[in-house]
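Engineer: Attaching a single structure in structure tokens format; questions to follow.
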Amino acid sequence: GGGKVNINAASAAELDALPGIGMSTAEKIVADRQANGPFAAIEDLKRVSGIGDKKYAALADSICVV
């Protein structure tokens with residue numbers, strides 16, 4: 001919490017609102033979650049194609065896992 005986006009529950013539209021995440025990447029996050037199960041830690045977001053260290057660093061403060 002605390003106003004952060006839960007990457008395990010957020011819709012593609014909610015993920016799209018994150019800095020540096022467009023609809024294409026948001027849909028990849030949702031698809032990865034459906035295929036591989038929930039993210040155990042926010043760092044797991046880097047397993048999604050298109051999210052590298054730089055993009056991850058830009059949104060790490062905006063996301064959480066519950």
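Just remember, in the structure tokens the first chain shown is A, the second B, etc., residues are 1-based per chain, and ligands are 1-based in the order shown.
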Which neighbours of A:Ala9 fall inside 9 Å, counting only C-alpha atoms, when residues of the same chain fewer than 3 positions from it are skipped, and could you give them as JSON, numbers by chain?
Structural biologist: {"A": [5, 6, 30, 38, 65, 66]}
Engineer: List the neighbours of stretch 15-23 of chain A out to 7 Å using only C-alpha atoms; skip same-chain residues closer than 6 positions along the sequence, and give me the result as a list in words.
Structural biologist: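 Result of the neighbour search: Lys55, Ala58 and Leu59 of chain A.
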Engineer: Write the residues you've just listed into a file as a JSON list (two decimals), in the first residue's frame, and include all heavy atoms for each of them.
Structural biologist:
```
[["chain", "number", "residue", "atom", "x", "y", "z"],
["A", 55, "LYS", "N", 14.02, 1.26, -16.28],
["A", 55, "LYS", "CA", 12.57, 1.45, -16.17],
["A", 55, "LYS", "C", 12.08, 1.01, -14.79],
["A", 55, "LYS", "O", 11.24, 1.67, -14.17],
["A", 55, "LYS", "CB", 11.85, 0.67, -17.27],
["A", 55, "LYS", "CG", 10.37, 1.01, -17.38],
["A", 55, "LYS", "CD", 9.72, 0.36, -18.58],
["A", 55, "LYS", "CE", 10.03, 1.12, -19.84],
["A", 55, "LYS", "NZ", 9.22, 0.67, -20.98],
["A", 58, "ALA", "N", 12.70, 3.60, -12.18],
["A", 58, "ALA", "CA", 11.79, 4.75, -12.28],
["A", 58, "ALA", "C", 10.45, 4.50, -11.61],
["A", 58, "ALA", "O", 9.79, 5.43, -11.15],
["A", 58, "ALA", "CB", 11.57, 5.12, -13.74],
["A", 59, "LEU", "N", 10.04, 3.21, -11.50],
["A", 59, "LEU", "CA", 8.74, 2.97, -10.92],
["A", 59, "LEU", "C", 8.74, 2.19, -9.61],
["A", 59, "LEU", "O", 7.70, 1.99, -9.01],
["A", 59, "LEU", "CB", 7.79, 2.31, -11.92],
["A", 59, "LEU", "CG", 8.21, 1.17, -12.79],
["A", 59, "LEU", "CD1", 7.92, -0.19, -12.21],
["A", 59, "LEU", "CD2", 7.41, 1.28, -14.07]]
```
Engineer: Would you compute the distance between atom CA of A:Lys28 and atom CA of A:Ser49? Give it in Å to one decimal.
Structural biologist: 7.3 Å
Engineer: When you count only C-alpha atoms, which of these residues is closest to A:Ser24: A:Glu43, A:Cys64, A:Val48, A:Ala10?
Structural biologist: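 The shortest atom-to-atom distance to A:Ser24 comes from A:Val48.
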Engineer: Based on the backbone DSSP call, show me all residues of chain A assigned alpha helix (DSSP H), as a list in words.
Structural biologist: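 Output for chain A, alpha helix (DSSP H) only: Ala12, Ala13, Glu14, Leu15, Asp16, Met23, Ser24, Thr25, Ala26, Glu27, Lys28, Ile29, Val30, Ala31, Asp32, Arg33, Gln34, Ala35, Asn36, Asp53, Lys54, Lys55, Tyr56, Ala57, Ala58 and Leu59 of chain A.
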Engineer: Check chain A with DSSP on the backbone and list each residue it calls strand (DSSP E), as a ChimeraX atom specification.
Structural biologist: /A:5-6,63-64
Engineer: Would you save the residues from that selection as a short mmCIF file (atom, residue, chain, number, x, y, z; two decimals), in the first residue's frame, using N, CA and C atoms?
Structural biologist:
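Result went into result11.cif, see below:
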```cif
data_model
loop_
_atom_site.label_atom_id
_atom_site.label_comp_id
_atom_site.auth_asym_id
_atom_site.auth_seq_id
_atom_site.Cartn_x
_atom_site.Cartn_y
_atom_site.Cartn_z
N VAL A 5 0.73 1.10 -6.35
CA VAL A 5 -0.02 0.19 -7.21
C VAL A 5 0.44 -1.24 -6.93
N ASN A 6 -0.51 -2.10 -6.56
CA ASN A 6 -0.21 -3.52 -6.33
C ASN A 6 -0.10 -4.20 -7.69
N ILE A 63 5.22 1.13 -6.81
CA ILE A 63 4.59 -0.19 -6.86
C ILE A 63 4.80 -1.00 -5.57
N CYS A 64 3.96 -1.99 -5.40
CA CYS A 64 4.10 -2.90 -4.27
C CYS A 64 3.53 -4.26 -4.68
#
```
Engineer: Considering only C-alpha atoms, state which residue in the set A:Gln34, A:Ile29, A:Ser62, A:Ser11 is at the smallest distance from A:Arg47.
Structural biologist: A:Ile29
Engineer: What does the structure give for the distance between atom CA of A:Lys4 and atom CA of A:Phe39, in Å to one decimal?
Structural biologist: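 These atoms are spaced 15.0 Å apart.
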Engineer: Would you work out the distance separating atom CA of A:Thr25 from atom CA of A:Gly3, expressed in Å to one decimal?
Structural biologist: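 Calculated distance between atom CA of A:Thr25 and atom CA of A:Gly3 is 21.0 Å.
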